[in-house]
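Step one of this worksheet: look at the structure below.
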Amino acid sequence: MHRGRVSTHMNIICPGCGYKGSIADSKTPTRRVVITCKSCKHRFPLQNVKSIGVVPSPGGREKSIAAVNLAMGYSLSGFKTLLVDSDSKGMAGTILGVAPPAGLTEFATAELTAKQTVVKARNRLWILAGGRSVAGLERVALKAGGDLALFDAILRPLETHFDYIILNGCRDFPRLLQGIINYSQE
């Protein structure tokens, strides 16, 4: 993207073969549809999921509350929402009153499945929890050369299930924070 210009298309990557394409924002469907890859003919659902990153500001301490409130607002408005917590304190789960036994790190490292780690917190609101194990995910990102596409790889399998994905960042983990900023649309 050029400085000062806004993206006018949605990037699409086929989960079957990795073929990359795009569709103009004006032609992006407002509901879930099934599309066919031009390269391998694989059929897969396309949804215009919105991702929003809540990242810390200097001296800011209220980002977990802001992320939870944002996620709650979307879920109460009827949107299926996933809250991804990359905070080592796991505050988003605490605020929502849920204490998942596993979360983001275990899902990202394929130790556990989405079914085992994505926990329903409220009606139309799920959480992929943070916690102390998030430090291990930061080390994974570091070993991968600080891969900015980390959240792309982690969250792509979940995108078709949600209308919004809210990511709660943490200043303690700069690689994860960069990944969140890279993945987020807003």
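We label chains A, B, ... in the order they appear in the structure tokens, count residues from 1 in each chain, and number ligands from 1 in the order shown.
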
At a cut-off of 7 Å, using only C-alpha atoms, what residues contact Asn11 in chain A? Leave out same-chain residues fewer than 2 positions from it and give the result as number ranges by chain.
A: 9, 13, 21-23

Selection: 12 Å around range 71-80 of chain A, only C-alpha atoms, excl. self and same-chain fewer than 3 positions, as a PDB file with all heavy atoms, in the first residue's frame:
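The resulting result_7.pdb:
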ATOM      1  N   ARG A  31     -22.375 -10.964   2.987  1.00  0.00           N
ATOM      2  CA  ARG A  31     -22.696 -12.190   3.710  1.00  0.00           C
ATOM      3  C   ARG A  31     -21.691 -13.264   3.293  1.00  0.00           C
ATOM      4  O   ARG A  31     -20.935 -13.075   2.340  1.00  0.00           O
ATOM      5  CB  ARG A  31     -24.119 -12.647   3.419  1.00  0.00           C
ATOM      6  CG  ARG A  31     -24.367 -12.889   1.960  1.00  0.00           C
ATOM      7  CD  ARG A  31     -25.821 -13.290   1.679  1.00  0.00           C
ATOM      8  NE  ARG A  31     -26.067 -13.392   0.276  1.00  0.00           N
ATOM      9  CZ  ARG A  31     -25.652 -14.370  -0.516  1.00  0.00           C
ATOM     10  NH1 ARG A  31     -24.955 -15.352  -0.018  1.00  0.00           N
ATOM     11  NH2 ARG A  31     -25.926 -14.375  -1.789  1.00  0.00           N
ATOM     12  N   VAL A  49     -14.500 -10.853   7.019  1.00  0.00           N
ATOM     13  CA  VAL A  49     -14.288 -10.692   8.449  1.00  0.00           C
ATOM     14  C   VAL A  49     -13.508  -9.398   8.692  1.00  0.00           C
ATOM     15  O   VAL A  49     -12.619  -9.042   7.924  1.00  0.00           O
ATOM     16  CB  VAL A  49     -13.537 -11.907   9.056  1.00  0.00           C
ATOM     17  CG1 VAL A  49     -12.126 -12.024   8.530  1.00  0.00           C
ATOM     18  CG2 VAL A  49     -13.543 -11.852  10.561  1.00  0.00           C
ATOM     19  N   LYS A  50     -13.873  -8.687   9.714  1.00  0.00           N
ATOM     20  CA  LYS A  50     -13.188  -7.459  10.089  1.00  0.00           C
ATOM     21  C   LYS A  50     -12.297  -7.755  11.286  1.00  0.00           C
ATOM     22  O   LYS A  50     -12.729  -8.396  12.240  1.00  0.00           O
ATOM     23  CB  LYS A  50     -14.188  -6.362  10.466  1.00  0.00           C
ATOM     24  CG  LYS A  50     -15.137  -5.978   9.374  1.00  0.00           C
ATOM     25  CD  LYS A  50     -14.439  -5.198   8.304  1.00  0.00           C
ATOM     26  CE  LYS A  50     -15.450  -4.737   7.272  1.00  0.00           C
ATOM     27  NZ  LYS A  50     -14.858  -4.336   6.046  1.00  0.00           N
ATOM     28  N   SER A  51     -11.054  -7.303  11.234  1.00  0.00           N
ATOM     29  CA  SER A  51     -10.144  -7.502  12.355  1.00  0.00           C
ATOM     30  C   SER A  51      -9.723  -6.149  12.896  1.00  0.00           C
ATOM     31  O   SER A  51      -9.370  -5.244  12.140  1.00  0.00           O
ATOM     32  CB  SER A  51      -8.925  -8.318  11.919  1.00  0.00           C
ATOM     33  OG  SER A  51      -8.267  -7.694  10.851  1.00  0.00           O
ATOM     34  N   ILE A  52      -9.789  -6.015  14.208  1.00  0.00           N
ATOM     35  CA  ILE A  52      -9.480  -4.757  14.872  1.00  0.00           C
ATOM     36  C   ILE A  52      -8.459  -5.034  15.969  1.00  0.00           C
ATOM     37  O   ILE A  52      -8.674  -5.901  16.822  1.00  0.00           O
ATOM     38  CB  ILE A  52     -10.748  -4.124  15.478  1.00  0.00           C
ATOM     39  CG1 ILE A  52     -11.784  -3.875  14.379  1.00  0.00           C
ATOM     40  CG2 ILE A  52     -10.409  -2.843  16.229  1.00  0.00           C
ATOM     41  CD1 ILE A  52     -13.149  -3.461  14.879  1.00  0.00           C
ATOM     42  N   GLY A  53      -7.360  -4.313  15.939  1.00  0.00           N
ATOM     43  CA  GLY A  53      -6.332  -4.461  16.965  1.00  0.00           C
ATOM     44  C   GLY A  53      -6.464  -3.387  18.020  1.00  0.00           C
ATOM     45  O   GLY A  53      -6.614  -2.206  17.695  1.00  0.00           O
ATOM     46  N   VAL A  54      -6.433  -3.779  19.283  1.00  0.00           N
ATOM     47  CA  VAL A  54      -6.415  -2.838  20.400  1.00  0.00           C
ATOM     48  C   VAL A  54      -5.007  -2.933  20.968  1.00  0.00           C
ATOM     49  O   VAL A  54      -4.641  -3.939  21.574  1.00  0.00           O
ATOM     50  CB  VAL A  54      -7.482  -3.185  21.465  1.00  0.00           C
ATOM     51  CG1 VAL A  54      -7.429  -2.194  22.618  1.00  0.00           C
ATOM     52  CG2 VAL A  54      -8.874  -3.206  20.832  1.00  0.00           C
ATOM     53  N   SER A  64      -7.248  -3.777  27.747  1.00  0.00           N
ATOM     54  CA  SER A  64      -8.034  -5.007  27.893  1.00  0.00           C
ATOM     55  C   SER A  64      -9.509  -4.674  28.083  1.00  0.00           C
ATOM     56  O   SER A  64     -10.385  -5.327  27.504  1.00  0.00           O
ATOM     57  CB  SER A  64      -7.534  -5.855  29.066  1.00  0.00           C
ATOM     58  OG  SER A  64      -6.247  -6.370  28.778  1.00  0.00           O
ATOM     59  N   ILE A  65      -9.790  -3.656  28.875  1.00  0.00           N
ATOM     60  CA  ILE A  65     -11.175  -3.230  29.081  1.00  0.00           C
ATOM     61  C   ILE A  65     -11.744  -2.723  27.759  1.00  0.00           C
ATOM     62  O   ILE A  65     -12.876  -3.054  27.397  1.00  0.00           O
ATOM     63  CB  ILE A  65     -11.262  -2.151  30.186  1.00  0.00           C
ATOM     64  CG1 ILE A  65     -10.874  -2.763  31.534  1.00  0.00           C
ATOM     65  CG2 ILE A  65     -12.652  -1.527  30.230  1.00  0.00           C
ATOM     66  CD1 ILE A  65     -10.681  -1.759  32.643  1.00  0.00           C
ATOM     67  N   ALA A  66     -10.949  -1.938  27.026  1.00  0.00           N
ATOM     68  CA  ALA A  66     -11.415  -1.426  25.729  1.00  0.00           C
ATOM     69  C   ALA A  66     -11.679  -2.571  24.754  1.00  0.00           C
ATOM     70  O   ALA A  66     -12.692  -2.572  24.043  1.00  0.00           O
ATOM     71  CB  ALA A  66     -10.386  -0.460  25.150  1.00  0.00           C
ATOM     72  N   ALA A  67     -10.780  -3.561  24.712  1.00  0.00           N
ATOM     73  CA  ALA A  67     -10.946  -4.704  23.803  1.00  0.00           C
ATOM     74  C   ALA A  67     -12.199  -5.503  24.160  1.00  0.00           C
ATOM     75  O   ALA A  67     -12.983  -5.885  23.279  1.00  0.00           O
ATOM     76  CB  ALA A  67      -9.707  -5.603  23.841  1.00  0.00           C
ATOM     77  N   VAL A  68     -12.417  -5.748  25.443  1.00  0.00           N
ATOM     78  CA  VAL A  68     -13.611  -6.489  25.887  1.00  0.00           C
ATOM     79  C   VAL A  68     -14.868  -5.691  25.556  1.00  0.00           C
ATOM     80  O   VAL A  68     -15.848  -6.241  25.046  1.00  0.00           O
ATOM     81  CB  VAL A  68     -13.538  -6.831  27.389  1.00  0.00           C
ATOM     82  CG1 VAL A  68     -14.878  -7.336  27.907  1.00  0.00           C
ATOM     83  CG2 VAL A  68     -12.444  -7.854  27.649  1.00  0.00           C
ATOM     84  N   LEU A  83     -12.606 -12.687  20.462  1.00  0.00           N
ATOM     85  CA  LEU A  83     -11.645 -11.836  21.151  1.00  0.00           C
ATOM     86  C   LEU A  83     -10.369 -12.643  21.356  1.00  0.00           C
ATOM     87  O   LEU A  83     -10.390 -13.701  22.001  1.00  0.00           O
ATOM     88  CB  LEU A  83     -12.216 -11.378  22.501  1.00  0.00           C
ATOM     89  CG  LEU A  83     -11.300 -10.558  23.410  1.00  0.00           C
ATOM     90  CD1 LEU A  83     -10.809  -9.289  22.704  1.00  0.00           C
ATOM     91  CD2 LEU A  83     -12.022 -10.210  24.693  1.00  0.00           C
ATOM     92  N   VAL A  84      -9.268 -12.189  20.775  1.00  0.00           N
ATOM     93  CA  VAL A  84      -7.973 -12.867  20.879  1.00  0.00           C
ATOM     94  C   VAL A  84      -7.118 -12.073  21.858  1.00  0.00           C
ATOM     95  O   VAL A  84      -6.808 -10.913  21.611  1.00  0.00           O
ATOM     96  CB  VAL A  84      -7.279 -12.957  19.499  1.00  0.00           C
ATOM     97  CG1 VAL A  84      -5.919 -13.630  19.635  1.00  0.00           C
ATOM     98  CG2 VAL A  84      -8.155 -13.692  18.504  1.00  0.00           C
ATOM     99  N   ASP A  85      -6.747 -12.693  22.957  1.00  0.00           N
ATOM    100  CA  ASP A  85      -5.995 -12.014  24.015  1.00  0.00           C
ATOM    101  C   ASP A  85      -4.529 -12.434  23.977  1.00  0.00           C
ATOM    102  O   ASP A  85      -4.210 -13.591  24.207  1.00  0.00           O
ATOM    103  CB  ASP A  85      -6.609 -12.357  25.375  1.00  0.00           C
ATOM    104  CG  ASP A  85      -6.060 -11.502  26.501  1.00  0.00           C
ATOM    105  OD1 ASP A  85      -5.303 -10.546  26.224  1.00  0.00           O
ATOM    106  OD2 ASP A  85      -6.396 -11.783  27.664  1.00  0.00           O
ATOM    107  N   ALA A  92      -8.491 -10.264  29.667  1.00  0.00           N
ATOM    108  CA  ALA A  92      -9.763 -10.284  28.928  1.00  0.00           C
ATOM    109  C   ALA A  92     -10.666 -11.393  29.465  1.00  0.00           C
ATOM    110  O   ALA A  92     -11.869 -11.184  29.672  1.00  0.00           O
ATOM    111  CB  ALA A  92      -9.510 -10.446  27.433  1.00  0.00           C
ATOM    112  N   ILE A  95     -11.978 -10.356  32.929  1.00  0.00           N
ATOM    113  CA  ILE A  95     -13.034  -9.352  32.813  1.00  0.00           C
ATOM    114  C   ILE A  95     -14.350 -10.000  32.402  1.00  0.00           C
ATOM    115  O   ILE A  95     -15.418  -9.646  32.900  1.00  0.00           O
ATOM    116  CB  ILE A  95     -12.630  -8.249  31.815  1.00  0.00           C
ATOM    117  CG1 ILE A  95     -11.437  -7.451  32.364  1.00  0.00           C
ATOM    118  CG2 ILE A  95     -13.801  -7.324  31.505  1.00  0.00           C
ATOM    119  CD1 ILE A  95     -10.753  -6.560  31.335  1.00  0.00           C
ATOM    120  N   LEU A  96     -14.279 -10.981  31.497  1.00  0.00           N
ATOM    121  CA  LEU A  96     -15.480 -11.668  31.032  1.00  0.00           C
ATOM    122  C   LEU A  96     -15.959 -12.758  31.987  1.00  0.00           C
ATOM    123  O   LEU A  96     -17.020 -13.343  31.797  1.00  0.00           O
ATOM    124  CB  LEU A  96     -15.231 -12.281  29.647  1.00  0.00           C
ATOM    125  CG  LEU A  96     -15.154 -11.283  28.504  1.00  0.00           C
ATOM    126  CD1 LEU A  96     -14.588 -11.959  27.255  1.00  0.00           C
ATOM    127  CD2 LEU A  96     -16.523 -10.682  28.222  1.00  0.00           C
ATOM    128  N   LYS A 120     -16.624 -20.091  24.483  1.00  0.00           N
ATOM    129  CA  LYS A 120     -17.751 -19.164  24.431  1.00  0.00           C
ATOM    130  C   LYS A 120     -17.829 -18.418  25.761  1.00  0.00           C
ATOM    131  O   LYS A 120     -17.924 -19.037  26.826  1.00  0.00           O
ATOM    132  CB  LYS A 120     -19.050 -19.906  24.146  1.00  0.00           C
ATOM    133  CG  LYS A 120     -20.203 -18.971  23.874  1.00  0.00           C
ATOM    134  CD  LYS A 120     -21.382 -19.702  23.287  1.00  0.00           C
ATOM    135  CE  LYS A 120     -22.434 -18.682  22.874  1.00  0.00           C
ATOM    136  NZ  LYS A 120     -23.484 -19.293  22.100  1.00  0.00           N
ATOM    137  N   ALA A 121     -17.788 -17.081  25.688  1.00  0.00           N
ATOM    138  CA  ALA A 121     -17.835 -16.256  26.893  1.00  0.00           C
ATOM    139  C   ALA A 121     -19.223 -15.651  27.101  1.00  0.00           C
ATOM    140  O   ALA A 121     -19.653 -15.442  28.235  1.00  0.00           O
ATOM    141  CB  ALA A 121     -16.792 -15.145  26.802  1.00  0.00           C
ATOM    142  N   ARG A 122     -19.892 -15.352  26.016  1.00  0.00           N
ATOM    143  CA  ARG A 122     -21.235 -14.759  26.028  1.00  0.00           C
ATOM    144  C   ARG A 122     -21.931 -15.167  24.736  1.00  0.00           C
ATOM    145  O   ARG A 122     -21.325 -15.775  23.862  1.00  0.00           O
ATOM    146  CB  ARG A 122     -21.163 -13.227  26.061  1.00  0.00           C
ATOM    147  CG  ARG A 122     -20.455 -12.612  27.244  1.00  0.00           C
ATOM    148  CD  ARG A 122     -21.403 -12.504  28.431  1.00  0.00           C
ATOM    149  NE  ARG A 122     -20.842 -11.711  29.504  1.00  0.00           N
ATOM    150  CZ  ARG A 122     -19.913 -12.089  30.348  1.00  0.00           C
ATOM    151  NH1 ARG A 122     -19.359 -13.275  30.208  1.00  0.00           N
ATOM    152  NH2 ARG A 122     -19.492 -11.322  31.325  1.00  0.00           N
ATOM    153  N   ASN A 123     -23.195 -14.775  24.604  1.00  0.00           N
ATOM    154  CA  ASN A 123     -23.926 -15.006  23.370  1.00  0.00           C
ATOM    155  C   ASN A 123     -23.218 -14.277  22.229  1.00  0.00           C
ATOM    156  O   ASN A 123     -22.976 -13.069  22.335  1.00  0.00           O
ATOM    157  CB  ASN A 123     -25.373 -14.511  23.524  1.00  0.00           C
ATOM    158  CG  ASN A 123     -26.244 -14.943  22.378  1.00  0.00           C
ATOM    159  OD1 ASN A 123     -25.993 -15.975  21.752  1.00  0.00           O
ATOM    160  ND2 ASN A 123     -27.254 -14.159  22.091  1.00  0.00           N
ATOM    161  N   ARG A 124     -22.813 -14.992  21.200  1.00  0.00           N
ATOM    162  CA  ARG A 124     -22.104 -14.471  20.017  1.00  0.00           C
ATOM    163  C   ARG A 124     -20.719 -13.892  20.342  1.00  0.00           C
ATOM    164  O   ARG A 124     -20.184 -13.108  19.575  1.00  0.00           O
ATOM    165  CB  ARG A 124     -22.960 -13.441  19.273  1.00  0.00           C
ATOM    166  CG  ARG A 124     -24.202 -14.029  18.634  1.00  0.00           C
ATOM    167  CD  ARG A 124     -24.994 -13.004  17.871  1.00  0.00           C
ATOM    168  NE  ARG A 124     -25.490 -11.913  18.685  1.00  0.00           N
ATOM    169  CZ  ARG A 124     -26.619 -11.930  19.399  1.00  0.00           C
ATOM    170  NH1 ARG A 124     -27.388 -12.975  19.363  1.00  0.00           N
ATOM    171  NH2 ARG A 124     -26.965 -10.882  20.110  1.00  0.00           N
ATOM    172  N   LEU A 125     -20.129 -14.279  21.476  1.00  0.00           N
ATOM    173  CA  LEU A 125     -18.788 -13.811  21.841  1.00  0.00           C
ATOM    174  C   LEU A 125     -17.952 -14.984  22.341  1.00  0.00           C
ATOM    175  O   LEU A 125     -18.329 -15.670  23.294  1.00  0.00           O
ATOM    176  CB  LEU A 125     -18.859 -12.725  22.922  1.00  0.00           C
ATOM    177  CG  LEU A 125     -17.514 -12.240  23.483  1.00  0.00           C
ATOM    178  CD1 LEU A 125     -16.633 -11.646  22.383  1.00  0.00           C
ATOM    179  CD2 LEU A 125     -17.734 -11.214  24.578  1.00  0.00           C
ATOM    180  N   TRP A 126     -16.812 -15.213  21.676  1.00  0.00           N
ATOM    181  CA  TRP A 126     -15.872 -16.264  22.035  1.00  0.00           C
ATOM    182  C   TRP A 126     -14.530 -15.630  22.354  1.00  0.00           C
ATOM    183  O   TRP A 126     -14.226 -14.534  21.896  1.00  0.00           O
ATOM    184  CB  TRP A 126     -15.701 -17.258  20.886  1.00  0.00           C
ATOM    185  CG  TRP A 126     -16.903 -18.112  20.657  1.00  0.00           C
ATOM    186  CD1 TRP A 126     -17.088 -19.405  21.078  1.00  0.00           C
ATOM    187  CD2 TRP A 126     -18.092 -17.770  19.944  1.00  0.00           C
ATOM    188  NE1 TRP A 126     -18.323 -19.861  20.684  1.00  0.00           N
ATOM    189  CE2 TRP A 126     -18.951 -18.883  19.978  1.00  0.00           C
ATOM    190  CE3 TRP A 126     -18.534 -16.616  19.275  1.00  0.00           C
ATOM    191  CZ2 TRP A 126     -20.209 -18.880  19.388  1.00  0.00           C
ATOM    192  CZ3 TRP A 126     -19.789 -16.609  18.685  1.00  0.00           C
ATOM    193  CH2 TRP A 126     -20.607 -17.738  18.748  1.00  0.00           C
ATOM    194  N   ILE A 127     -13.717 -16.331  23.129  1.00  0.00           N
ATOM    195  CA  ILE A 127     -12.388 -15.827  23.477  1.00  0.00           C
ATOM    196  C   ILE A 127     -11.333 -16.899  23.205  1.00  0.00           C
ATOM    197  O   ILE A 127     -11.559 -18.087  23.440  1.00  0.00           O
ATOM    198  CB  ILE A 127     -12.331 -15.360  24.952  1.00  0.00           C
ATOM    199  CG1 ILE A 127     -10.964 -14.735  25.271  1.00  0.00           C
ATOM    200  CG2 ILE A 127     -12.656 -16.493  25.906  1.00  0.00           C
ATOM    201  CD1 ILE A 127     -10.918 -13.987  26.597  1.00  0.00           C
ATOM    202  N   LEU A 158      -9.900 -19.668  11.530  1.00  0.00           N
ATOM    203  CA  LEU A 158     -11.041 -19.240  12.335  1.00  0.00           C
ATOM    204  C   LEU A 158     -11.877 -18.149  11.661  1.00  0.00           C
ATOM    205  O   LEU A 158     -13.010 -17.898  12.066  1.00  0.00           O
ATOM    206  CB  LEU A 158     -10.558 -18.732  13.702  1.00  0.00           C
ATOM    207  CG  LEU A 158      -9.775 -19.725  14.552  1.00  0.00           C
ATOM    208  CD1 LEU A 158      -9.265 -19.055  15.814  1.00  0.00           C
ATOM    209  CD2 LEU A 158     -10.625 -20.928  14.882  1.00  0.00           C
ATOM    210  N   GLU A 159     -11.315 -17.503  10.653  1.00  0.00           N
ATOM    211  CA  GLU A 159     -11.957 -16.331  10.054  1.00  0.00           C
ATOM    212  C   GLU A 159     -13.360 -16.604   9.521  1.00  0.00           C
ATOM    213  O   GLU A 159     -14.227 -15.742   9.611  1.00  0.00           O
ATOM    214  CB  GLU A 159     -11.091 -15.749   8.940  1.00  0.00           C
ATOM    215  CG  GLU A 159      -9.871 -15.035   9.451  1.00  0.00           C
ATOM    216  CD  GLU A 159      -8.998 -14.488   8.340  1.00  0.00           C
ATOM    217  OE1 GLU A 159      -9.250 -14.794   7.153  1.00  0.00           O
ATOM    218  OE2 GLU A 159      -8.049 -13.755   8.667  1.00  0.00           O
ATOM    219  N   THR A 160     -13.588 -17.768   8.967  1.00  0.00           N
ATOM    220  CA  THR A 160     -14.897 -18.042   8.367  1.00  0.00           C
ATOM    221  C   THR A 160     -15.995 -18.242   9.412  1.00  0.00           C
ATOM    222  O   THR A 160     -17.165 -18.280   9.065  1.00  0.00           O
ATOM    223  CB  THR A 160     -14.854 -19.286   7.454  1.00  0.00           C
ATOM    224  OG1 THR A 160     -14.407 -20.400   8.217  1.00  0.00           O
ATOM    225  CG2 THR A 160     -13.940 -19.051   6.265  1.00  0.00           C
ATOM    226  N   HIS A 161     -15.635 -18.334  10.673  1.00  0.00           N
ATOM    227  CA  HIS A 161     -16.616 -18.563  11.729  1.00  0.00           C
ATOM    228  C   HIS A 161     -17.075 -17.278  12.411  1.00  0.00           C
ATOM    229  O   HIS A 161     -18.009 -17.318  13.215  1.00  0.00           O
ATOM    230  CB  HIS A 161     -16.042 -19.514  12.782  1.00  0.00           C
ATOM    231  CG  HIS A 161     -15.620 -20.827  12.226  1.00  0.00           C
ATOM    232  ND1 HIS A 161     -16.529 -21.814  11.879  1.00  0.00           N
ATOM    233  CD2 HIS A 161     -14.396 -21.308  11.910  1.00  0.00           C
ATOM    234  CE1 HIS A 161     -15.874 -22.852  11.400  1.00  0.00           C
ATOM    235  NE2 HIS A 161     -14.584 -22.575  11.407  1.00  0.00           N
ATOM    236  N   PHE A 162     -16.406 -16.154  12.123  1.00  0.00           N
ATOM    237  CA  PHE A 162     -16.684 -14.921  12.852  1.00  0.00           C
ATOM    238  C   PHE A 162     -16.867 -13.735  11.918  1.00  0.00           C
ATOM    239  O   PHE A 162     -16.304 -13.699  10.831  1.00  0.00           O
ATOM    240  CB  PHE A 162     -15.548 -14.628  13.848  1.00  0.00           C
ATOM    241  CG  PHE A 162     -15.385 -15.710  14.871  1.00  0.00           C
ATOM    242  CD1 PHE A 162     -14.414 -16.682  14.715  1.00  0.00           C
ATOM    243  CD2 PHE A 162     -16.229 -15.776  15.967  1.00  0.00           C
ATOM    244  CE1 PHE A 162     -14.274 -17.701  15.634  1.00  0.00           C
ATOM    245  CE2 PHE A 162     -16.104 -16.799  16.894  1.00  0.00           C
ATOM    246  CZ  PHE A 162     -15.121 -17.764  16.732  1.00  0.00           C
ATOM    247  N   ASP A 163     -17.648 -12.750  12.401  1.00  0.00           N
ATOM    248  CA  ASP A 163     -17.820 -11.493  11.674  1.00  0.00           C
ATOM    249  C   ASP A 163     -16.726 -10.498  12.061  1.00  0.00           C
ATOM    250  O   ASP A 163     -16.283  -9.704  11.238  1.00  0.00           O
ATOM    251  CB  ASP A 163     -19.193 -10.880  11.984  1.00  0.00           C
ATOM    252  CG  ASP A 163     -20.332 -11.803  11.597  1.00  0.00           C
ATOM    253  OD1 ASP A 163     -20.347 -12.261  10.436  1.00  0.00           O
ATOM    254  OD2 ASP A 163     -21.187 -12.086  12.452  1.00  0.00           O
ATOM    255  N   TYR A 164     -16.326 -10.531  13.332  1.00  0.00           N
ATOM    256  CA  TYR A 164     -15.282  -9.640  13.837  1.00  0.00           C
ATOM    257  C   TYR A 164     -14.275 -10.429  14.654  1.00  0.00           C
ATOM    258  O   TYR A 164     -14.649 -11.334  15.406  1.00  0.00           O
ATOM    259  CB  TYR A 164     -15.870  -8.540  14.736  1.00  0.00           C
ATOM    260  CG  TYR A 164     -16.529  -7.437  13.955  1.00  0.00           C
ATOM    261  CD1 TYR A 164     -17.866  -7.530  13.607  1.00  0.00           C
ATOM    262  CD2 TYR A 164     -15.817  -6.325  13.542  1.00  0.00           C
ATOM    263  CE1 TYR A 164     -18.489  -6.536  12.876  1.00  0.00           C
ATOM    264  CE2 TYR A 164     -16.421  -5.328  12.808  1.00  0.00           C
ATOM    265  CZ  TYR A 164     -17.761  -5.434  12.479  1.00  0.00           C
ATOM    266  OH  TYR A 164     -18.359  -4.452  11.756  1.00  0.00           O
ATOM    267  N   ILE A 165     -13.011 -10.069  14.500  1.00  0.00           N
ATOM    268  CA  ILE A 165     -11.949 -10.603  15.350  1.00  0.00           C
ATOM    269  C   ILE A 165     -11.275  -9.402  15.995  1.00  0.00           C
ATOM    270  O   ILE A 165     -10.739  -8.526  15.304  1.00  0.00           O
ATOM    271  CB  ILE A 165     -10.922 -11.437  14.547  1.00  0.00           C
ATOM    272  CG1 ILE A 165     -11.616 -12.675  13.954  1.00  0.00           C
ATOM    273  CG2 ILE A 165      -9.756 -11.849  15.444  1.00  0.00           C
ATOM    274  CD1 ILE A 165     -10.716 -13.552  13.102  1.00  0.00           C
ATOM    275  N   ILE A 166     -11.353  -9.342  17.312  1.00  0.00           N
ATOM    276  CA  ILE A 166     -10.758  -8.257  18.086  1.00  0.00           C
ATOM    277  C   ILE A 166      -9.489  -8.805  18.731  1.00  0.00           C
ATOM    278  O   ILE A 166      -9.530  -9.837  19.413  1.00  0.00           O
ATOM    279  CB  ILE A 166     -11.718  -7.744  19.189  1.00  0.00           C
ATOM    280  CG1 ILE A 166     -13.118  -7.452  18.632  1.00  0.00           C
ATOM    281  CG2 ILE A 166     -11.113  -6.535  19.902  1.00  0.00           C
ATOM    282  CD1 ILE A 166     -13.195  -6.403  17.573  1.00  0.00           C
ATOM    283  N   LEU A 167      -8.358  -8.134  18.502  1.00  0.00           N
ATOM    284  CA  LEU A 167      -7.084  -8.601  19.050  1.00  0.00           C
ATOM    285  C   LEU A 167      -6.608  -7.651  20.141  1.00  0.00           C
ATOM    286  O   LEU A 167      -6.472  -6.449  19.906  1.00  0.00           O
ATOM    287  CB  LEU A 167      -6.030  -8.677  17.936  1.00  0.00           C
ATOM    288  CG  LEU A 167      -6.372  -9.678  16.844  1.00  0.00           C
ATOM    289  CD1 LEU A 167      -6.819  -8.951  15.600  1.00  0.00           C
ATOM    290  CD2 LEU A 167      -5.203 -10.556  16.556  1.00  0.00           C
ATOM    291  N   ASN A 168      -6.372  -8.203  21.308  1.00  0.00           N
ATOM    292  CA  ASN A 168      -5.902  -7.434  22.455  1.00  0.00           C
ATOM    293  C   ASN A 168      -4.384  -7.570  22.533  1.00  0.00           C
ATOM    294  O   ASN A 168      -3.871  -8.637  22.820  1.00  0.00           O
ATOM    295  CB  ASN A 168      -6.567  -7.960  23.736  1.00  0.00           C
ATOM    296  CG  ASN A 168      -6.193  -7.160  24.956  1.00  0.00           C
ATOM    297  OD1 ASN A 168      -5.878  -5.983  24.866  1.00  0.00           O
ATOM    298  ND2 ASN A 168      -6.224  -7.806  26.107  1.00  0.00           N
TER     299      ASN A 168
END

Which polymer residues have any atom within 12 Å of an atom of Lys89 in chain A, counting only C-alpha atoms, with same-chain residues fewer than 6 positions away left out, as JSON, numbers by chain?
{"A": [64, 95, 99, 129, 130, 131, 132, 133, 134, 135, 168, 169, 170, 171, 172]}

Go ahead and write the residues just picked, N, CA and C atoms, as an mmCIF file, in the first residue's frame.
data_model
loop_
_atom_site.group_PDB
_atom_site.id
_atom_site.type_symbol
_atom_site.label_atom_id
_atom_site.label_comp_id
_atom_site.auth_asym_id
_atom_site.auth_seq_id
_atom_site.Cartn_x
_atom_site.Cartn_y
_atom_site.Cartn_z
ATOM 1 N N SER A 64 -7.248 -3.777 27.747
ATOM 2 C CA SER A 64 -8.034 -5.007 27.893
ATOM 3 C C SER A 64 -9.509 -4.674 28.083
ATOM 4 N N ILE A 95 -11.978 -10.356 32.929
ATOM 5 C CA ILE A 95 -13.034 -9.352 32.813
ATOM 6 C C ILE A 95 -14.350 -10.000 32.402
ATOM 7 N N ALA A 99 -12.329 -18.559 32.642
ATOM 8 C CA ALA A 99 -10.946 -18.956 32.882
ATOM 9 C C ALA A 99 -10.628 -20.192 32.055
ATOM 10 N N ALA A 129 -7.972 -17.196 24.731
ATOM 11 C CA ALA A 129 -7.397 -16.550 25.902
ATOM 12 C C ALA A 129 -5.882 -16.393 25.858
ATOM 13 N N GLY A 130 -5.442 -15.381 26.575
ATOM 14 C CA GLY A 130 -4.024 -15.160 26.803
ATOM 15 C C GLY A 130 -3.615 -15.868 28.088
ATOM 16 N N GLY A 131 -2.561 -15.382 28.682
ATOM 17 C CA GLY A 131 -2.070 -15.976 29.931
ATOM 18 C C GLY A 131 -0.559 -16.110 29.872
ATOM 19 N N ARG A 132 0.002 -16.699 30.905
ATOM 20 C CA ARG A 132 1.467 -16.795 31.006
ATOM 21 C C ARG A 132 2.121 -17.494 29.819
ATOM 22 N N SER A 133 1.413 -18.429 29.205
ATOM 23 C CA SER A 133 2.010 -19.187 28.099
ATOM 24 C C SER A 133 2.248 -18.328 26.848
ATOM 25 N N VAL A 134 1.683 -17.127 26.799
ATOM 26 C CA VAL A 134 1.863 -16.250 25.636
ATOM 27 C C VAL A 134 3.346 -15.903 25.443
ATOM 28 N N ALA A 135 4.115 -15.904 26.515
ATOM 29 C CA ALA A 135 5.553 -15.644 26.399
ATOM 30 C C ALA A 135 6.209 -16.657 25.464
ATOM 31 N N ASN A 168 -6.372 -8.203 21.308
ATOM 32 C CA ASN A 168 -5.902 -7.434 22.455
ATOM 33 C C ASN A 168 -4.384 -7.570 22.533
ATOM 34 N N GLY A 169 -3.663 -6.482 22.253
ATOM 35 C CA GLY A 169 -2.200 -6.506 22.221
ATOM 36 C C GLY A 169 -1.580 -6.316 23.590
ATOM 37 N N CYS A 170 -0.280 -6.564 23.661
ATOM 38 C CA CYS A 170 0.456 -6.429 24.914
ATOM 39 C C CYS A 170 1.847 -5.862 24.622
ATOM 40 N N ARG A 171 2.197 -4.802 25.305
ATOM 41 C CA ARG A 171 3.487 -4.141 25.058
ATOM 42 C C ARG A 171 4.682 -5.017 25.454
ATOM 43 N N ASP A 172 4.461 -6.020 26.319
ATOM 44 C CA ASP A 172 5.552 -6.887 26.777
ATOM 45 C C ASP A 172 6.108 -7.779 25.674
#
